[in-house]
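Pasted below: model_2.pdb, PDB, C-alpha atoms.
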```pdb
ATOM      1  CA  MET V   1     -29.780   4.454 -31.445  1.00  0.00           C
ATOM      2  CA  ALA V   2     -31.603   5.925 -28.471  1.00  0.00           C
ATOM      3  CA  ALA V   3     -31.683   9.704 -28.367  1.00  0.00           C
ATOM      4  CA  ARG V   4     -31.366  11.964 -25.374  1.00  0.00           C
ATOM      5  CA  LEU V   5     -31.656  15.588 -26.401  1.00  0.00           C
ATOM      6  CA  ILE V   6     -31.824  18.659 -24.184  1.00  0.00           C
ATOM      7  CA  ALA V   7     -33.178  22.087 -25.155  1.00  0.00           C
ATOM      8  CA  LEU V   8     -32.222  25.203 -23.223  1.00  0.00           C
ATOM      9  CA  ASP V   9     -32.969  27.724 -25.972  1.00  0.00           C
ATOM     10  CA  GLN V  10     -35.119  28.254 -29.055  1.00  0.00           C
ATOM     11  CA  ASP V  11     -32.575  26.687 -31.451  1.00  0.00           C
ATOM     12  CA  ASP V  12     -32.227  23.563 -29.296  1.00  0.00           C
ATOM     13  CA  LEU V  13     -36.017  23.222 -29.175  1.00  0.00           C
ATOM     14  CA  ALA V  14     -36.181  23.381 -32.981  1.00  0.00           C
ATOM     15  CA  VAL V  15     -33.953  20.278 -33.084  1.00  0.00           C
ATOM     16  CA  ILE V  16     -36.215  18.429 -30.648  1.00  0.00           C
ATOM     17  CA  SER V  17     -39.253  19.560 -32.637  1.00  0.00           C
ATOM     18  CA  ALA V  18     -37.806  17.950 -35.779  1.00  0.00           C
ATOM     19  CA  HIS V  19     -37.256  14.670 -33.889  1.00  0.00           C
ATOM     20  CA  VAL V  20     -40.841  14.516 -32.584  1.00  0.00           C
ATOM     21  CA  GLN V  21     -42.563  15.486 -35.827  1.00  0.00           C
ATOM     22  CA  GLU V  22     -45.437  13.066 -36.491  1.00  0.00           C
ATOM     23  CA  ALA V  23     -45.179  11.486 -33.033  1.00  0.00           C
ATOM     24  CA  SER V  24     -48.376   9.857 -31.790  1.00  0.00           C
ATOM     25  CA  VAL V  25     -49.658  11.105 -28.407  1.00  0.00           C
ATOM     26  CA  THR V  26     -52.838  10.306 -26.473  1.00  0.00           C
ATOM     27  CA  ALA V  27     -54.420  12.366 -23.696  1.00  0.00           C
ATOM     28  CA  ALA V  28     -53.504   9.514 -21.318  1.00  0.00           C
ATOM     29  CA  ASP V  29     -49.833  10.117 -22.280  1.00  0.00           C
ATOM     30  CA  ILE V  30     -49.896  13.721 -21.008  1.00  0.00           C
ATOM     31  CA  LEU V  31     -48.919  14.145 -17.359  1.00  0.00           C
ATOM     32  CA  TRP V  32     -49.100  17.660 -15.868  1.00  0.00           C
ATOM     33  CA  ARG V  33     -47.476  17.765 -12.420  1.00  0.00           C
ATOM     34  CA  GLN V  34     -48.345  21.287 -11.367  1.00  0.00           C
ATOM     35  CA  GLY V  35     -46.724  21.033  -7.924  1.00  0.00           C
ATOM     36  CA  ASP V  36     -43.438  19.942  -9.521  1.00  0.00           C
ATOM     37  CA  LYS V  37     -43.726  22.513 -12.344  1.00  0.00           C
ATOM     38  CA  ARG V  38     -43.276  19.654 -14.818  1.00  0.00           C
ATOM     39  CA  LEU V  39     -45.057  18.395 -17.913  1.00  0.00           C
ATOM     40  CA  VAL V  40     -44.235  14.954 -19.289  1.00  0.00           C
ATOM     41  CA  VAL V  41     -45.583  13.759 -22.626  1.00  0.00           C
ATOM     42  CA  GLY V  42     -45.212  10.102 -23.546  1.00  0.00           C
ATOM     43  CA  MET V  43     -45.160   9.413 -27.269  1.00  0.00           C
ATOM     44  CA  ARG V  44     -44.445   6.972 -30.031  1.00  0.00           C
ATOM     45  CA  ARG V  45     -42.156   8.917 -32.346  1.00  0.00           C
ATOM     46  CA  LEU V  46     -40.729   8.013 -35.720  1.00  0.00           C
ATOM     47  CA  ASP V  47     -37.018   7.176 -35.789  1.00  0.00           C
ATOM     48  CA  TRP V  48     -36.071   9.541 -38.598  1.00  0.00           C
ATOM     49  CA  GLU V  49     -32.367   8.736 -38.163  1.00  0.00           C
ATOM     50  CA  GLN V  50     -33.023   5.127 -39.150  1.00  0.00           C
ATOM     51  CA  THR V  51     -34.647   6.318 -42.383  1.00  0.00           C
ATOM     52  CA  LEU V  52     -31.721   8.633 -43.153  1.00  0.00           C
ATOM     53  CA  ASN V  53     -29.415   5.631 -42.724  1.00  0.00           C
ATOM     54  CA  GLY V  54     -31.143   3.807 -45.597  1.00  0.00           C
ATOM     55  CA  GLU V  55     -34.028   1.908 -44.015  1.00  0.00           C
ATOM     56  CA  THR V  56     -37.168   1.946 -46.164  1.00  0.00           C
ATOM     57  CA  SER V  57     -39.513   3.014 -43.373  1.00  0.00           C
ATOM     58  CA  PRO V  58     -38.879   4.379 -39.900  1.00  0.00           C
ATOM     59  CA  ARG V  59     -39.625   2.376 -36.783  1.00  0.00           C
ATOM     60  CA  ARG V  60     -41.453   3.862 -33.824  1.00  0.00           C
ATOM     61  CA  LEU V  61     -39.652   4.672 -30.574  1.00  0.00           C
ATOM     62  CA  VAL V  62     -41.398   4.993 -27.221  1.00  0.00           C
ATOM     63  CA  SER V  63     -40.128   8.317 -25.900  1.00  0.00           C
ATOM     64  CA  ALA V  64     -40.740  10.868 -23.181  1.00  0.00           C
ATOM     65  CA  LEU V  65     -40.701  14.625 -23.683  1.00  0.00           C
ATOM     66  CA  ARG V  66     -40.245  16.570 -20.459  1.00  0.00           C
ATOM     67  CA  PHE V  67     -40.581  20.272 -19.749  1.00  0.00           C
ATOM     68  CA  ASP V  68     -39.402  21.604 -16.372  1.00  0.00           C
ATOM     69  CA  ARG V  69     -40.046  24.959 -14.673  1.00  0.00           C
ATOM     70  CA  VAL V  70     -43.550  25.130 -16.148  1.00  0.00           C
ATOM     71  CA  LEU V  71     -45.715  27.822 -14.553  1.00  0.00           C
ATOM     72  CA  SER V  72     -48.965  26.887 -16.321  1.00  0.00           C
ATOM     73  CA  CYS V  73     -50.278  24.373 -18.830  1.00  0.00           C
ATOM     74  CA  GLN V  74     -53.332  24.967 -21.009  1.00  0.00           C
ATOM     75  CA  SER V  75     -54.814  22.653 -23.614  1.00  0.00           C
ATOM     76  CA  ARG V  76     -57.032  23.182 -26.645  1.00  0.00           C
ATOM     77  CA  ASN V  77     -59.104  20.454 -28.337  1.00  0.00           C
ATOM     78  CA  ILE V  78     -57.681  17.665 -26.161  1.00  0.00           C
ATOM     79  CA  ASP V  79     -60.535  15.705 -24.558  1.00  0.00           C
ATOM     80  CA  LEU V  80     -59.378  14.273 -21.242  1.00  0.00           C
ATOM     81  CA  ASP V  81     -62.552  12.141 -21.179  1.00  0.00           C
ATOM     82  CA  ALA V  82     -61.252  10.310 -24.272  1.00  0.00           C
ATOM     83  CA  PRO V  83     -57.805   9.286 -23.007  1.00  0.00           C
ATOM     84  CA  HIS V  84     -56.988   6.878 -25.842  1.00  0.00           C
ATOM     85  CA  VAL V  85     -57.680   9.141 -28.819  1.00  0.00           C
ATOM     86  CA  ALA V  86     -54.371   9.657 -30.641  1.00  0.00           C
ATOM     87  CA  PHE V  87     -53.039  13.022 -31.792  1.00  0.00           C
ATOM     88  CA  ASP V  88     -50.201  13.559 -34.251  1.00  0.00           C
ATOM     89  CA  LEU V  89     -47.646  16.078 -33.012  1.00  0.00           C
ATOM     90  CA  LEU V  90     -46.805  18.558 -35.753  1.00  0.00           C
ATOM     91  CA  GLY V  91     -44.102  20.456 -33.920  1.00  0.00           C
ATOM     92  CA  ILE V  92     -43.061  22.613 -30.979  1.00  0.00           C
ATOM     93  CA  GLU V  93     -42.451  26.357 -31.030  1.00  0.00           C
ATOM     94  CA  PHE V  94     -41.055  28.697 -28.395  1.00  0.00           C
ATOM     95  CA  TYR V  95     -42.080  32.334 -28.024  1.00  0.00           C
ATOM     96  CA  PRO V  96     -39.708  34.288 -25.761  1.00  0.00           C
ATOM     97  CA  ALA V  97     -41.108  36.731 -23.219  1.00  0.00           C
ATOM     98  CA  THR V  98     -39.279  38.475 -20.392  1.00  0.00           C
ATOM     99  CA  PRO V  99     -35.926  36.609 -20.340  1.00  0.00           C
ATOM    100  CA  PRO V 100     -35.453  33.830 -19.643  1.00  0.00           C
ATOM    101  CA  GLY V 101     -39.167  32.935 -19.723  1.00  0.00           C
ATOM    102  CA  GLY V 102     -41.612  32.421 -22.514  1.00  0.00           C
ATOM    103  CA  THR V 103     -44.244  30.164 -23.991  1.00  0.00           C
ATOM    104  CA  ALA V 104     -43.747  26.713 -25.512  1.00  0.00           C
ATOM    105  CA  VAL V 105     -46.550  25.507 -27.781  1.00  0.00           C
ATOM    106  CA  LEU V 106     -46.973  21.873 -28.804  1.00  0.00           C
ATOM    107  CA  MET V 107     -49.116  21.821 -31.956  1.00  0.00           C
ATOM    108  CA  PHE V 108     -51.083  18.748 -32.986  1.00  0.00           C
ATOM    109  CA  ALA V 109     -53.029  17.858 -36.120  1.00  0.00           C
ATOM    110  CA  GLY V 110     -56.687  18.860 -35.998  1.00  0.00           C
ATOM    111  CA  GLY V 111     -56.054  22.081 -34.088  1.00  0.00           C
ATOM    112  CA  ALA V 112     -55.187  20.517 -30.732  1.00  0.00           C
ATOM    113  CA  ALA V 113     -52.447  22.219 -28.742  1.00  0.00           C
ATOM    114  CA  LEU V 114     -50.681  22.461 -25.402  1.00  0.00           C
ATOM    115  CA  ARG V 115     -49.481  25.895 -24.280  1.00  0.00           C
ATOM    116  CA  LEU V 116     -46.849  26.048 -21.549  1.00  0.00           C
ATOM    117  CA  GLU V 117     -45.782  29.203 -19.758  1.00  0.00           C
ATOM    118  CA  VAL V 118     -42.227  28.549 -18.563  1.00  0.00           C
ATOM    119  CA  GLU V 119     -39.844  30.321 -16.182  1.00  0.00           C
ATOM    120  CA  CYS V 120     -37.105  29.373 -18.627  1.00  0.00           C
ATOM    121  CA  LEU V 121     -36.801  26.757 -21.348  1.00  0.00           C
ATOM    122  CA  GLU V 122     -35.745  23.362 -19.962  1.00  0.00           C
ATOM    123  CA  CYS V 123     -36.837  20.476 -22.166  1.00  0.00           C
ATOM    124  CA  GLU V 124     -35.565  16.919 -22.611  1.00  0.00           C
ATOM    125  CA  LEU V 125     -36.436  14.225 -25.145  1.00  0.00           C
ATOM    126  CA  ALA V 126     -35.443  10.708 -24.088  1.00  0.00           C
ATOM    127  CA  ASP V 127     -36.068   7.478 -25.986  1.00  0.00           C
ATOM    128  CA  LEU V 128     -37.143   4.657 -23.733  1.00  0.00           C
ATOM    129  CA  VAL V 129     -37.462   1.653 -26.059  1.00  0.00           C
ATOM    130  CA  ALA V 130     -38.038   0.719 -29.698  1.00  0.00           C
ATOM    131  CA  ASP V 131     -41.700  -0.091 -30.365  1.00  0.00           C
ATOM    132  CA  ASP V 132     -41.481  -2.865 -32.923  1.00  0.00           C
ATOM    133  CA  ALA V 133     -45.155  -3.761 -32.628  1.00  0.00           C
TER     134      ALA V 133
END
```
Represent the supplied structure as structure tokens.
Amino acid sequence: MAARLIALDQDDLAVISAHVQEASVTAADILWRQGDKRLVVGMRRLDWEQTLNGETSPRRLVSALRFDRVLSCQSRNIDLDAPHVAFDLLGIEFYPATPPGGTAVLMFAGGAALRLEVECLECELADLVADDA
């Protein structure tokens, strides 16, 4: 089943974070569109729902994670000169600031991270296709 989840607050984002845990992301999959105030992260995420339904191992889904109304995007330990190095996404946290804004942090294994300053939290996770390869 393809997911389409939207997060408009910290609790919603926690649900999306659970769905993208252990997703594989490369630097080439990260698209920062500063003029549009948008960050899009392509990923191959595990289909945890399939596992909960009795399958022995989860399949991978090709998905897109989108943040809108992003004022700035900073990265740590993500080498843009090595676009095909994969990072495992550990989770996403939101730190509120002056309402409705705040900071969303995407944390990856090995200390890599993306830090987004947002006007307000607007995030969407959409599955594009099952990756049966």
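Atom CA of Cys123 of chain V to atom CA of Glu49 of chain V spans 20.3 Å [interatomic distance, one decimal].
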Selection under test: the PyMOL selection byres ((chain V and resi 58-75) around 7); residues as number ranges by chain: V: 37-48, 50-51, 55-57, 76-78, 113-120, 122-132
Would you save the residues from that selection as a PDB file, in the frame of the given file, using C-alpha atoms?
```pdb
ATOM      1  CA  LYS V  37     -43.726  22.513 -12.344  1.00  0.00           C
ATOM      2  CA  ARG V  38     -43.276  19.654 -14.818  1.00  0.00           C
ATOM      3  CA  LEU V  39     -45.057  18.395 -17.913  1.00  0.00           C
ATOM      4  CA  VAL V  40     -44.235  14.954 -19.289  1.00  0.00           C
ATOM      5  CA  VAL V  41     -45.583  13.759 -22.626  1.00  0.00           C
ATOM      6  CA  GLY V  42     -45.212  10.102 -23.546  1.00  0.00           C
ATOM      7  CA  MET V  43     -45.160   9.413 -27.269  1.00  0.00           C
ATOM      8  CA  ARG V  44     -44.445   6.972 -30.031  1.00  0.00           C
ATOM      9  CA  ARG V  45     -42.156   8.917 -32.346  1.00  0.00           C
ATOM     10  CA  LEU V  46     -40.729   8.013 -35.720  1.00  0.00           C
ATOM     11  CA  ASP V  47     -37.018   7.176 -35.789  1.00  0.00           C
ATOM     12  CA  TRP V  48     -36.071   9.541 -38.598  1.00  0.00           C
ATOM     13  CA  GLN V  50     -33.023   5.127 -39.150  1.00  0.00           C
ATOM     14  CA  THR V  51     -34.647   6.318 -42.383  1.00  0.00           C
ATOM     15  CA  GLU V  55     -34.028   1.908 -44.015  1.00  0.00           C
ATOM     16  CA  THR V  56     -37.168   1.946 -46.164  1.00  0.00           C
ATOM     17  CA  SER V  57     -39.513   3.014 -43.373  1.00  0.00           C
ATOM     18  CA  ARG V  76     -57.032  23.182 -26.645  1.00  0.00           C
ATOM     19  CA  ASN V  77     -59.104  20.454 -28.337  1.00  0.00           C
ATOM     20  CA  ILE V  78     -57.681  17.665 -26.161  1.00  0.00           C
ATOM     21  CA  ALA V 113     -52.447  22.219 -28.742  1.00  0.00           C
ATOM     22  CA  LEU V 114     -50.681  22.461 -25.402  1.00  0.00           C
ATOM     23  CA  ARG V 115     -49.481  25.895 -24.280  1.00  0.00           C
ATOM     24  CA  LEU V 116     -46.849  26.048 -21.549  1.00  0.00           C
ATOM     25  CA  GLU V 117     -45.782  29.203 -19.758  1.00  0.00           C
ATOM     26  CA  VAL V 118     -42.227  28.549 -18.563  1.00  0.00           C
ATOM     27  CA  GLU V 119     -39.844  30.321 -16.182  1.00  0.00           C
ATOM     28  CA  CYS V 120     -37.105  29.373 -18.627  1.00  0.00           C
ATOM     29  CA  GLU V 122     -35.745  23.362 -19.962  1.00  0.00           C
ATOM     30  CA  CYS V 123     -36.837  20.476 -22.166  1.00  0.00           C
ATOM     31  CA  GLU V 124     -35.565  16.919 -22.611  1.00  0.00           C
ATOM     32  CA  LEU V 125     -36.436  14.225 -25.145  1.00  0.00           C
ATOM     33  CA  ALA V 126     -35.443  10.708 -24.088  1.00  0.00           C
ATOM     34  CA  ASP V 127     -36.068   7.478 -25.986  1.00  0.00           C
ATOM     35  CA  LEU V 128     -37.143   4.657 -23.733  1.00  0.00           C
ATOM     36  CA  VAL V 129     -37.462   1.653 -26.059  1.00  0.00           C
ATOM     37  CA  ALA V 130     -38.038   0.719 -29.698  1.00  0.00           C
ATOM     38  CA  ASP V 131     -41.700  -0.091 -30.365  1.00  0.00           C
ATOM     39  CA  ASP V 132     -41.481  -2.865 -32.923  1.00  0.00           C
TER      40      ASP V 132
END
```
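With atom CA of Ala28 of chain V on one side and atom CA of Ile92 of chain V on the other, the separation reads 19.3 Å.
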As JSON, please report the centre and edge lengths, rounded to one decimal in Å, of the axis-aligned box that holds all listed atoms of segment 34-51 of chain V with 8 Å of padding on each of the six sides.
```
{"center_x": -40.4, "center_y": 13.8, "center_z": -25.2, "size_x": 32.0, "size_y": 33.4, "size_z": 50.5}
```
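For the pair atom CA of Leu121 of chain V and atom CA of Gly102 of chain V, the interatomic distance is 7.5 Å.
Each of V:Ala104, V:Val20, V:Ala3, V:Val15 was compared to Leu90 of chain V using all atoms listed in the file, and V:Val20 turns out to be the nearest.
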Using only C-alpha atoms: which of V:Gln34, V:Asn53, V:Thr103, V:Thr26 has the shortest distance to Asp81 of chain V: V:Thr26
Where atoms are lacking, segment 21-54 of chain V completed to N, CA and C atoms, as a CSV table (one decimal), keeping the file's coordinate frame:
```csv
chain,number,residue,atom,x,y,z
V,21,GLN,N,-41.6,15.3,-34.8
V,21,GLN,CA,-42.6,15.5,-35.8
V,21,GLN,C,-43.3,14.2,-36.2
V,22,GLU,N,-44.6,14.2,-36.2
V,22,GLU,CA,-45.4,13.1,-36.5
V,22,GLU,C,-45.5,12.0,-35.4
V,23,ALA,N,-45.1,12.4,-34.2
V,23,ALA,CA,-45.2,11.5,-33.0
V,23,ALA,C,-46.7,11.3,-32.7
V,24,SER,N,-47.0,10.1,-32.2
V,24,SER,CA,-48.4,9.9,-31.8
V,24,SER,C,-48.5,10.0,-30.3
V,25,VAL,N,-49.5,10.8,-29.8
V,25,VAL,CA,-49.7,11.1,-28.4
V,25,VAL,C,-51.1,10.9,-28.1
V,26,THR,N,-51.5,10.4,-26.9
V,26,THR,CA,-52.8,10.3,-26.5
V,26,THR,C,-53.0,11.2,-25.2
V,27,ALA,N,-54.2,11.6,-24.9
V,27,ALA,CA,-54.4,12.4,-23.7
V,27,ALA,C,-53.9,11.6,-22.5
V,28,ALA,N,-54.0,10.3,-22.4
V,28,ALA,CA,-53.5,9.5,-21.3
V,28,ALA,C,-52.0,9.6,-21.2
V,29,ASP,N,-51.3,10.0,-22.3
V,29,ASP,CA,-49.8,10.1,-22.3
V,29,ASP,C,-49.3,11.5,-21.7
V,30,ILE,N,-50.3,12.4,-21.4
V,30,ILE,CA,-49.9,13.7,-21.0
V,30,ILE,C,-50.0,13.8,-19.5
V,31,LEU,N,-48.9,14.1,-18.8
V,31,LEU,CA,-48.9,14.1,-17.4
V,31,LEU,C,-48.5,15.5,-16.9
V,32,TRP,N,-49.4,16.3,-16.4
V,32,TRP,CA,-49.1,17.7,-15.9
V,32,TRP,C,-49.0,17.6,-14.4
V,33,ARG,N,-47.8,17.8,-13.9
V,33,ARG,CA,-47.5,17.8,-12.4
V,33,ARG,C,-47.3,19.2,-12.0
V,34,GLN,N,-48.4,19.9,-11.7
V,34,GLN,CA,-48.3,21.3,-11.4
V,34,GLN,C,-47.4,21.6,-10.2
V,35,GLY,N,-47.5,20.8,-9.1
V,35,GLY,CA,-46.7,21.0,-7.9
V,35,GLY,C,-45.2,20.9,-8.2
V,36,ASP,N,-44.8,20.1,-9.2
V,36,ASP,CA,-43.4,19.9,-9.5
V,36,ASP,C,-43.0,20.9,-10.7
V,37,LYS,N,-44.0,21.6,-11.2
V,37,LYS,CA,-43.7,22.5,-12.3
V,37,LYS,C,-43.2,21.7,-13.5
V,38,ARG,N,-43.8,20.6,-13.8
V,38,ARG,CA,-43.3,19.7,-14.8
V,38,ARG,C,-44.4,19.1,-15.7
V,39,LEU,N,-44.2,19.1,-17.0
V,39,LEU,CA,-45.1,18.4,-17.9
V,39,LEU,C,-44.3,17.3,-18.6
V,40,VAL,N,-44.9,16.1,-18.6
V,40,VAL,CA,-44.2,15.0,-19.3
V,40,VAL,C,-45.2,14.5,-20.3
V,41,VAL,N,-44.7,14.3,-21.5
V,41,VAL,CA,-45.6,13.8,-22.6
V,41,VAL,C,-44.9,12.5,-23.2
V,42,GLY,N,-45.7,11.4,-23.0
V,42,GLY,CA,-45.2,10.1,-23.5
V,42,GLY,C,-45.6,10.1,-25.0
V,43,MET,N,-44.8,9.4,-25.8
V,43,MET,CA,-45.2,9.4,-27.3
V,43,MET,C,-44.5,8.2,-28.0
V,44,ARG,N,-45.1,7.9,-29.1
V,44,ARG,CA,-44.4,7.0,-30.0
V,44,ARG,C,-44.0,7.8,-31.2
V,45,ARG,N,-42.7,8.1,-31.3
V,45,ARG,CA,-42.2,8.9,-32.3
V,45,ARG,C,-41.5,8.1,-33.4
V,46,LEU,N,-41.4,8.7,-34.6
V,46,LEU,CA,-40.7,8.0,-35.7
V,46,LEU,C,-39.2,8.2,-35.6
V,47,ASP,N,-38.5,7.1,-35.8
V,47,ASP,CA,-37.0,7.2,-35.8
V,47,ASP,C,-36.5,7.6,-37.1
V,48,TRP,N,-36.5,9.0,-37.3
V,48,TRP,CA,-36.1,9.5,-38.6
V,48,TRP,C,-34.6,9.2,-38.9
V,49,GLU,N,-33.8,9.1,-37.9
V,49,GLU,CA,-32.4,8.7,-38.2
V,49,GLU,C,-32.2,7.4,-38.9
V,50,GLN,N,-33.0,6.4,-38.5
V,50,GLN,CA,-33.0,5.1,-39.2
V,50,GLN,C,-33.3,5.3,-40.6
V,51,THR,N,-34.3,6.1,-41.0
V,51,THR,CA,-34.6,6.3,-42.4
V,51,THR,C,-33.5,7.0,-43.1
V,52,LEU,N,-32.9,8.0,-42.5
V,52,LEU,CA,-31.7,8.6,-43.2
V,52,LEU,C,-30.6,7.7,-43.4
V,53,ASN,N,-30.5,6.6,-42.6
V,53,ASN,CA,-29.4,5.6,-42.7
V,53,ASN,C,-29.7,4.6,-43.7
V,54,GLY,N,-30.9,4.7,-44.5
V,54,GLY,CA,-31.1,3.8,-45.6
V,54,GLY,C,-32.3,2.8,-45.4
```
